[in-house]
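**Student:** mmCIF, C-alpha atoms; chains and numbers go by the auth columns, saved as start_28.cif, coming up:
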```
data_model
loop_
_atom_site.group_PDB
_atom_site.id
_atom_site.type_symbol
_atom_site.label_atom_id
_atom_site.label_comp_id
_atom_site.label_asym_id
_atom_site.label_seq_id
_atom_site.Cartn_x
_atom_site.Cartn_y
_atom_site.Cartn_z
_atom_site.B_iso_or_equiv
_atom_site.auth_seq_id
_atom_site.auth_asym_id
ATOM 1 C CA MET A 1 12.405 -5.942 4.627 0.00 1114 A
ATOM 2 C CA GLN A 2 9.714 -3.538 5.677 0.00 1115 A
ATOM 3 C CA THR A 3 9.425 0.007 4.462 0.00 1116 A
ATOM 4 C CA GLY A 4 7.123 2.709 5.659 0.00 1117 A
ATOM 5 C CA LYS A 5 4.283 1.685 7.945 0.00 1118 A
ATOM 6 C CA GLU A 6 3.633 -1.845 6.770 0.00 1119 A
ATOM 7 C CA ALA A 7 2.668 -4.285 9.504 0.00 1120 A
ATOM 8 C CA LEU A 8 5.036 -7.000 10.595 0.00 1121 A
ATOM 9 C CA CYS A 9 3.653 -10.483 11.007 0.00 1122 A
ATOM 10 C CA HIS A 10 5.543 -13.302 12.703 0.00 1123 A
ATOM 11 C CA HIS A 11 5.083 -17.031 13.150 0.00 1124 A
ATOM 12 C CA TYR A 12 6.974 -19.978 14.556 0.00 1125 A
ATOM 13 C CA ALA A 13 8.593 -22.215 11.935 0.00 1126 A
ATOM 14 C CA TYR A 14 10.676 -25.331 12.422 0.00 1127 A
ATOM 15 C CA ASP A 15 11.171 -26.727 8.928 0.00 1128 A
ATOM 16 C CA HIS A 16 11.612 -25.867 5.251 0.00 1129 A
ATOM 17 C CA SER A 17 8.033 -26.629 4.177 0.00 1130 A
ATOM 18 C CA PHE A 18 6.294 -24.422 6.716 0.00 1131 A
ATOM 19 C CA ALA A 19 8.881 -21.656 6.356 0.00 1132 A
ATOM 20 C CA LYS A 20 8.248 -21.560 2.608 0.00 1133 A
ATOM 21 C CA LEU A 21 4.474 -21.606 3.107 0.00 1134 A
ATOM 22 C CA PHE A 22 4.608 -18.773 5.638 0.00 1135 A
ATOM 23 C CA ALA A 23 7.005 -16.687 3.526 0.00 1136 A
ATOM 24 C CA ASP A 24 4.869 -17.202 0.420 0.00 1137 A
ATOM 25 C CA GLU A 25 1.831 -15.974 2.389 0.00 1138 A
ATOM 26 C CA GLY A 26 3.591 -12.791 3.477 0.00 1139 A
ATOM 27 C CA ILE A 27 4.579 -13.698 7.013 0.00 1140 A
ATOM 28 C CA ASN A 28 7.802 -11.767 7.098 0.00 1141 A
ATOM 29 C CA VAL A 29 9.321 -12.675 10.473 0.00 1142 A
ATOM 30 C CA LEU A 30 9.906 -16.303 11.404 0.00 1143 A
ATOM 31 C CA LEU A 31 10.980 -17.627 14.799 0.00 1144 A
ATOM 32 C CA VAL A 32 12.782 -20.896 15.423 0.00 1145 A
ATOM 33 C CA GLY A 33 11.881 -21.339 19.075 0.00 1146 A
ATOM 34 C CA ASP A 34 13.107 -23.771 21.674 0.00 1147 A
ATOM 35 C CA SER A 35 9.462 -24.830 21.827 0.00 1148 A
ATOM 36 C CA LEU A 36 10.464 -27.216 19.029 0.00 1149 A
ATOM 37 C CA GLY A 37 11.495 -29.511 21.874 0.00 1150 A
ATOM 38 C CA MET A 38 7.822 -30.089 22.621 0.00 1151 A
ATOM 39 C CA THR A 39 6.172 -29.505 19.241 0.00 1152 A
ATOM 40 C CA VAL A 40 8.667 -31.370 17.037 0.00 1153 A
ATOM 41 C CA GLN A 41 10.785 -33.588 19.291 0.00 1154 A
ATOM 42 C CA GLY A 42 8.024 -34.686 21.679 0.00 1155 A
ATOM 43 C CA HIS A 43 9.694 -33.680 24.941 0.00 1156 A
ATOM 44 C CA ASP A 44 7.735 -32.540 27.992 0.00 1157 A
ATOM 45 C CA SER A 45 9.641 -29.243 28.119 0.00 1158 A
ATOM 46 C CA THR A 46 12.143 -27.121 26.239 0.00 1159 A
ATOM 47 C CA LEU A 47 15.034 -28.117 28.507 0.00 1160 A
ATOM 48 C CA PRO A 48 16.466 -30.916 26.288 0.00 1161 A
ATOM 49 C CA VAL A 49 16.808 -28.591 23.268 0.00 1162 A
ATOM 50 C CA THR A 50 20.422 -27.911 22.293 0.00 1163 A
ATOM 51 C CA VAL A 51 22.139 -25.177 20.328 0.00 1164 A
ATOM 52 C CA GLU A 52 22.741 -27.789 17.629 0.00 1165 A
ATOM 53 C CA ASP A 53 18.982 -28.486 17.456 0.00 1166 A
ATOM 54 C CA ILE A 54 18.247 -24.786 17.013 0.00 1167 A
ATOM 55 C CA ALA A 55 20.981 -24.461 14.364 0.00 1168 A
ATOM 56 C CA TYR A 56 19.647 -27.480 12.437 0.00 1169 A
ATOM 57 C CA HIS A 57 16.104 -26.095 12.332 0.00 1170 A
ATOM 58 C CA THR A 58 17.372 -22.586 11.577 0.00 1171 A
ATOM 59 C CA ARG A 59 19.182 -23.890 8.479 0.00 1172 A
ATOM 60 C CA ALA A 60 16.009 -25.660 7.312 0.00 1173 A
ATOM 61 C CA VAL A 61 13.849 -22.572 7.863 0.00 1174 A
ATOM 62 C CA ARG A 62 16.375 -20.314 6.122 0.00 1175 A
ATOM 63 C CA ARG A 63 16.304 -22.564 3.029 0.00 1176 A
ATOM 64 C CA GLY A 64 12.512 -22.294 2.946 0.00 1177 A
ATOM 65 C CA ALA A 65 12.395 -18.554 3.569 0.00 1178 A
ATOM 66 C CA PRO A 66 15.618 -17.030 2.242 0.00 1179 A
ATOM 67 C CA ASN A 67 14.339 -13.431 2.418 0.00 1180 A
ATOM 68 C CA SER A 68 12.499 -13.506 5.745 0.00 1181 A
ATOM 69 C CA LEU A 69 13.747 -11.953 8.949 0.00 1182 A
ATOM 70 C CA LEU A 70 14.711 -15.010 10.988 0.00 1183 A
ATOM 71 C CA LEU A 71 14.836 -14.975 14.766 0.00 1184 A
ATOM 72 C CA ALA A 72 16.155 -17.973 16.734 0.00 1185 A
ATOM 73 C CA ASP A 73 16.100 -18.789 20.435 0.00 1186 A
ATOM 74 C CA LEU A 74 19.178 -19.675 22.383 0.00 1187 A
ATOM 75 C CA PRO A 75 18.057 -22.629 24.499 0.00 1188 A
ATOM 76 C CA PHE A 76 18.329 -23.075 28.246 0.00 1189 A
ATOM 77 C CA MET A 77 21.905 -22.964 29.587 0.00 1190 A
ATOM 78 C CA ALA A 78 23.297 -21.720 26.262 0.00 1191 A
ATOM 79 C CA TYR A 79 24.149 -18.282 27.646 0.00 1192 A
ATOM 80 C CA ALA A 80 25.535 -18.685 31.150 0.00 1193 A
ATOM 81 C CA THR A 81 28.577 -16.504 30.444 0.00 1194 A
ATOM 82 C CA PRO A 82 29.268 -13.747 27.929 0.00 1195 A
ATOM 83 C CA GLU A 83 31.776 -15.975 26.123 0.00 1196 A
ATOM 84 C CA GLN A 84 29.302 -18.850 25.869 0.00 1197 A
ATOM 85 C CA THR A 85 26.588 -16.457 24.736 0.00 1198 A
ATOM 86 C CA PHE A 86 28.666 -15.052 21.883 0.00 1199 A
ATOM 87 C CA ALA A 87 29.926 -18.487 20.800 0.00 1200 A
ATOM 88 C CA ASN A 88 26.434 -20.002 20.715 0.00 1201 A
ATOM 89 C CA ALA A 89 24.888 -16.939 19.079 0.00 1202 A
ATOM 90 C CA ALA A 90 27.538 -17.192 16.359 0.00 1203 A
ATOM 91 C CA ILE A 91 26.602 -20.842 15.711 0.00 1204 A
ATOM 92 C CA VAL A 92 22.926 -19.956 15.312 0.00 1205 A
ATOM 93 C CA MET A 93 23.635 -16.887 13.193 0.00 1206 A
ATOM 94 C CA ARG A 94 25.946 -18.854 10.901 0.00 1207 A
ATOM 95 C CA ALA A 95 23.025 -21.257 10.482 0.00 1208 A
ATOM 96 C CA GLY A 96 20.975 -18.373 9.059 0.00 1209 A
ATOM 97 C CA ALA A 97 19.415 -16.418 11.915 0.00 1210 A
ATOM 98 C CA ASN A 98 19.355 -12.624 11.655 0.00 1211 A
ATOM 99 C CA MET A 99 18.708 -12.232 15.383 0.00 1212 A
ATOM 100 C CA VAL A 100 19.072 -14.351 18.501 0.00 1213 A
ATOM 101 C CA LYS A 101 16.588 -14.246 21.377 0.00 1214 A
ATOM 102 C CA LEU A 102 17.512 -14.795 25.030 0.00 1215 A
ATOM 103 C CA GLU A 103 14.961 -15.387 27.763 0.00 1216 A
ATOM 104 C CA ALA A 104 15.400 -14.514 31.428 0.00 1217 A
ATOM 105 C CA ALA A 105 13.313 -13.976 34.516 0.00 1218 A
ATOM 106 C CA PRO A 106 13.492 -10.887 36.732 0.00 1219 A
ATOM 107 C CA GLY A 107 16.580 -11.062 38.903 0.00 1220 A
ATOM 108 C CA TRP A 108 18.467 -13.494 36.669 0.00 1221 A
ATOM 109 C CA PRO A 109 22.042 -12.538 35.952 0.00 1222 A
ATOM 110 C CA THR A 110 22.587 -11.487 32.372 0.00 1223 A
ATOM 111 C CA PRO A 111 25.715 -12.147 30.313 0.00 1224 A
#
```
Written as structure tokens, that's how I'd like the structure from this file.

**Tutor:**
Amino acid sequence: MQTGKEALCHHYAYDHSFAKLFADEGINVLLVGDSLGMTVQGHDSTLPVTVEDIAYHTRAVRRGAPNSLLLADLPFMAYATPEQTFANAAIVMRAGANMVKLEAAPGWPTP
């Protein structure tokens, strides 16, 4: 973790190898984003990404970077209600995420 006024540096990571490389190079915040749907799975958008996909990649990244701050997206439709939000956030956090990120547009209802 950071102390004092050290800079934070973040990067996307989807697997063990890159997470380890980034952590070894001092990138101290890693993000498992739903963009893995396009960059890893080959989809045209992030919409097909599931909570299980995020949890799988979060576990792999955590093994590669055990001491990094790990942020993970909750994918589309994974937080329609407060109950669903907490249940899905718990899945991702049990997989190794320290924080969970939600995305919304202005005017969207929030859980």

**Student:** Please return, as a list in words, all polymer residues that have at least one atom within 12 Å of the point (4.7, -11.7, 4.2); use only C-alpha atoms and the file's own coordinate frame.

**Tutor:**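 Output of the proximity query reads Met1114, Gln1115, Glu1119, Ala1120, Leu1121, Cys1122, His1123, His1124, Ala1132, Lys1133, Leu1134, Phe1135, Ala1136, Asp1137, Glu1138, Gly1139, Ile1140, Asn1141, Val1142, Leu1143, Ala1178, Asn1180, Ser1181 and Leu1182 of chain A.
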
**Student:** Excluding A:Leu1144 and residues on its chain fewer than 4 positions from it, collect all residues at most 6 Å away from it, counting only C-alpha atoms, and give them as a PyMOL selection string.

**Tutor:** chain A and resi 1125-1126+1183-1185

**Student:** Given the selection you just returned, output its residues as a file containing C-alpha atoms, formatted as a PDB file, in the frame of the given file.

**Tutor:**
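Resulting contents of again.pdb:
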```
ATOM      1  CA  TYR A1125       6.974 -19.978  14.556  1.00  0.00           C
ATOM      2  CA  ALA A1126       8.593 -22.215  11.935  1.00  0.00           C
ATOM      3  CA  LEU A1183      14.711 -15.010  10.988  1.00  0.00           C
ATOM      4  CA  LEU A1184      14.836 -14.975  14.766  1.00  0.00           C
ATOM      5  CA  ALA A1185      16.155 -17.973  16.734  1.00  0.00           C
TER       6      ALA A1185
END
```

**Student:** Please indicate the distance in Å from atom CA of A:His1129 to atom CA of A:Arg1172, rounded to one decimal place.

**Tutor:**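 Taking atom CA of A:His1129 and atom CA of A:Arg1172, their separation equals 8.5 Å.
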
**Student:** Looking at A:Gly1117, A:Arg1207, A:Gly1146, A:Val1174, which one is nearest to A:Leu1187, with distances taken over only C-alpha atoms?

**Tutor:** A:Gly1146

**Student:** What are the centre and edge lengths in Å, to one decimal, of the axis-aligned box around all listed atoms of stretch 1162-1169 of chain A with 4 Å added on each side, as lines of an AutoDock Vina configuration file?

**Tutor:**
```
center_x = 19.8
center_y = -26.5
center_z = 17.9
size_x = 13.9
size_y = 12.1
size_z = 18.8
```

**Student:** Got a sec to resolve the PyMOL selection byres ((chain A and resi 1153) around 12) on this structure and send the residues as an mmCIF file with C-alpha atoms, in the coordinates of the input?

**Tutor:**
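File produced: selection.cif:
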```
data_model
loop_
_atom_site.group_PDB
_atom_site.id
_atom_site.type_symbol
_atom_site.label_atom_id
_atom_site.label_comp_id
_atom_site.auth_asym_id
_atom_site.auth_seq_id
_atom_site.Cartn_x
_atom_site.Cartn_y
_atom_site.Cartn_z
ATOM 1 C CA TYR A 1125 6.974 -19.978 14.556
ATOM 2 C CA ALA A 1126 8.593 -22.215 11.935
ATOM 3 C CA TYR A 1127 10.676 -25.331 12.422
ATOM 4 C CA ASP A 1128 11.171 -26.727 8.928
ATOM 5 C CA VAL A 1145 12.782 -20.896 15.423
ATOM 6 C CA GLY A 1146 11.881 -21.339 19.075
ATOM 7 C CA ASP A 1147 13.107 -23.771 21.674
ATOM 8 C CA SER A 1148 9.462 -24.830 21.827
ATOM 9 C CA LEU A 1149 10.464 -27.216 19.029
ATOM 10 C CA GLY A 1150 11.495 -29.511 21.874
ATOM 11 C CA MET A 1151 7.822 -30.089 22.621
ATOM 12 C CA THR A 1152 6.172 -29.505 19.241
ATOM 13 C CA GLN A 1154 10.785 -33.588 19.291
ATOM 14 C CA GLY A 1155 8.024 -34.686 21.679
ATOM 15 C CA HIS A 1156 9.694 -33.680 24.941
ATOM 16 C CA ASP A 1157 7.735 -32.540 27.992
ATOM 17 C CA SER A 1158 9.641 -29.243 28.119
ATOM 18 C CA THR A 1159 12.143 -27.121 26.239
ATOM 19 C CA VAL A 1162 16.808 -28.591 23.268
ATOM 20 C CA ASP A 1166 18.982 -28.486 17.456
ATOM 21 C CA ILE A 1167 18.247 -24.786 17.013
ATOM 22 C CA HIS A 1170 16.104 -26.095 12.332
#
```

**Student:** Restore N, CA and C atoms in stretch 1149-1173 of chain A and list the result as a PDB file, in the coordinates of the input.

**Tutor:**
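Once written, out-v2.pdb looks like this:
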```
ATOM      1  N   LEU A1149      10.375 -26.059  19.914  1.00  0.00           N
ATOM      2  CA  LEU A1149      10.464 -27.216  19.029  1.00  0.00           C
ATOM      3  C   LEU A1149      10.742 -28.487  19.830  1.00  0.00           C
ATOM      4  N   GLY A1150      11.288 -28.344  21.018  1.00  0.00           N
ATOM      5  CA  GLY A1150      11.495 -29.511  21.874  1.00  0.00           C
ATOM      6  C   GLY A1150      10.204 -30.234  22.178  1.00  0.00           C
ATOM      7  N   MET A1151       9.122 -29.485  22.342  1.00  0.00           N
ATOM      8  CA  MET A1151       7.822 -30.089  22.621  1.00  0.00           C
ATOM      9  C   MET A1151       7.040 -30.350  21.340  1.00  0.00           C
ATOM     10  N   THR A1152       7.032 -29.389  20.423  1.00  0.00           N
ATOM     11  CA  THR A1152       6.172 -29.505  19.241  1.00  0.00           C
ATOM     12  C   THR A1152       6.730 -30.418  18.170  1.00  0.00           C
ATOM     13  N   VAL A1153       8.050 -30.545  18.080  1.00  0.00           N
ATOM     14  CA  VAL A1153       8.667 -31.370  17.037  1.00  0.00           C
ATOM     15  C   VAL A1153       9.302 -32.624  17.626  1.00  0.00           C
ATOM     16  N   GLN A1154      10.028 -32.470  18.733  1.00  0.00           N
ATOM     17  CA  GLN A1154      10.785 -33.588  19.291  1.00  0.00           C
ATOM     18  C   GLN A1154       9.996 -34.425  20.294  1.00  0.00           C
ATOM     19  N   GLY A1155       8.865 -33.911  20.774  1.00  0.00           N
ATOM     20  CA  GLY A1155       8.024 -34.686  21.679  1.00  0.00           C
ATOM     21  C   GLY A1155       8.450 -34.700  23.133  1.00  0.00           C
ATOM     22  N   HIS A1156       9.286 -33.764  23.537  1.00  0.00           N
ATOM     23  CA  HIS A1156       9.694 -33.680  24.941  1.00  0.00           C
ATOM     24  C   HIS A1156       8.586 -33.022  25.765  1.00  0.00           C
ATOM     25  N   ASP A1157       8.693 -33.166  27.082  1.00  0.00           N
ATOM     26  CA  ASP A1157       7.735 -32.540  27.992  1.00  0.00           C
ATOM     27  C   ASP A1157       8.046 -31.073  28.262  1.00  0.00           C
ATOM     28  N   SER A1158       9.244 -30.631  27.889  1.00  0.00           N
ATOM     29  CA  SER A1158       9.641 -29.243  28.119  1.00  0.00           C
ATOM     30  C   SER A1158      10.657 -28.840  27.056  1.00  0.00           C
ATOM     31  N   THR A1159      11.124 -27.615  27.169  1.00  0.00           N
ATOM     32  CA  THR A1159      12.143 -27.121  26.239  1.00  0.00           C
ATOM     33  C   THR A1159      13.562 -27.425  26.720  1.00  0.00           C
ATOM     34  N   LEU A1160      13.705 -27.940  27.916  1.00  0.00           N
ATOM     35  CA  LEU A1160      15.034 -28.117  28.507  1.00  0.00           C
ATOM     36  C   LEU A1160      15.985 -29.011  27.708  1.00  0.00           C
ATOM     37  N   PRO A1161      15.524 -30.081  27.039  1.00  0.00           N
ATOM     38  CA  PRO A1161      16.466 -30.916  26.288  1.00  0.00           C
ATOM     39  C   PRO A1161      16.977 -30.301  24.984  1.00  0.00           C
ATOM     40  N   VAL A1162      16.420 -29.193  24.547  1.00  0.00           N
ATOM     41  CA  VAL A1162      16.808 -28.591  23.268  1.00  0.00           C
ATOM     42  C   VAL A1162      18.233 -28.049  23.361  1.00  0.00           C
ATOM     43  N   THR A1163      19.024 -28.340  22.330  1.00  0.00           N
ATOM     44  CA  THR A1163      20.422 -27.911  22.293  1.00  0.00           C
ATOM     45  C   THR A1163      20.626 -26.805  21.261  1.00  0.00           C
ATOM     46  N   VAL A1164      21.769 -26.170  21.336  1.00  0.00           N
ATOM     47  CA  VAL A1164      22.139 -25.177  20.328  1.00  0.00           C
ATOM     48  C   VAL A1164      22.184 -25.843  18.953  1.00  0.00           C
ATOM     49  N   GLU A1165      22.673 -27.068  18.902  1.00  0.00           N
ATOM     50  CA  GLU A1165      22.741 -27.789  17.629  1.00  0.00           C
ATOM     51  C   GLU A1165      21.347 -28.032  17.054  1.00  0.00           C
ATOM     52  N   ASP A1166      20.366 -28.329  17.923  1.00  0.00           N
ATOM     53  CA  ASP A1166      18.982 -28.486  17.456  1.00  0.00           C
ATOM     54  C   ASP A1166      18.480 -27.186  16.833  1.00  0.00           C
ATOM     55  N   ILE A1167      18.694 -26.085  17.523  1.00  0.00           N
ATOM     56  CA  ILE A1167      18.247 -24.786  17.013  1.00  0.00           C
ATOM     57  C   ILE A1167      18.942 -24.472  15.692  1.00  0.00           C
ATOM     58  N   ALA A1168      20.241 -24.735  15.601  1.00  0.00           N
ATOM     59  CA  ALA A1168      20.981 -24.461  14.364  1.00  0.00           C
ATOM     60  C   ALA A1168      20.456 -25.318  13.215  1.00  0.00           C
ATOM     61  N   TYR A1169      20.182 -26.584  13.470  1.00  0.00           N
ATOM     62  CA  TYR A1169      19.647 -27.480  12.437  1.00  0.00           C
ATOM     63  C   TYR A1169      18.328 -26.936  11.879  1.00  0.00           C
ATOM     64  N   HIS A1170      17.411 -26.588  12.770  1.00  0.00           N
ATOM     65  CA  HIS A1170      16.104 -26.095  12.332  1.00  0.00           C
ATOM     66  C   HIS A1170      16.218 -24.705  11.704  1.00  0.00           C
ATOM     67  N   THR A1171      17.147 -23.906  12.176  1.00  0.00           N
ATOM     68  CA  THR A1171      17.372 -22.586  11.577  1.00  0.00           C
ATOM     69  C   THR A1171      17.829 -22.726  10.131  1.00  0.00           C
ATOM     70  N   ARG A1172      18.732 -23.666   9.865  1.00  0.00           N
ATOM     71  CA  ARG A1172      19.182 -23.890   8.479  1.00  0.00           C
ATOM     72  C   ARG A1172      18.013 -24.310   7.592  1.00  0.00           C
ATOM     73  N   ALA A1173      17.160 -25.201   8.096  1.00  0.00           N
ATOM     74  CA  ALA A1173      16.009 -25.660   7.312  1.00  0.00           C
ATOM     75  C   ALA A1173      15.046 -24.513   7.027  1.00  0.00           C
TER      76      ALA A1173
END
```
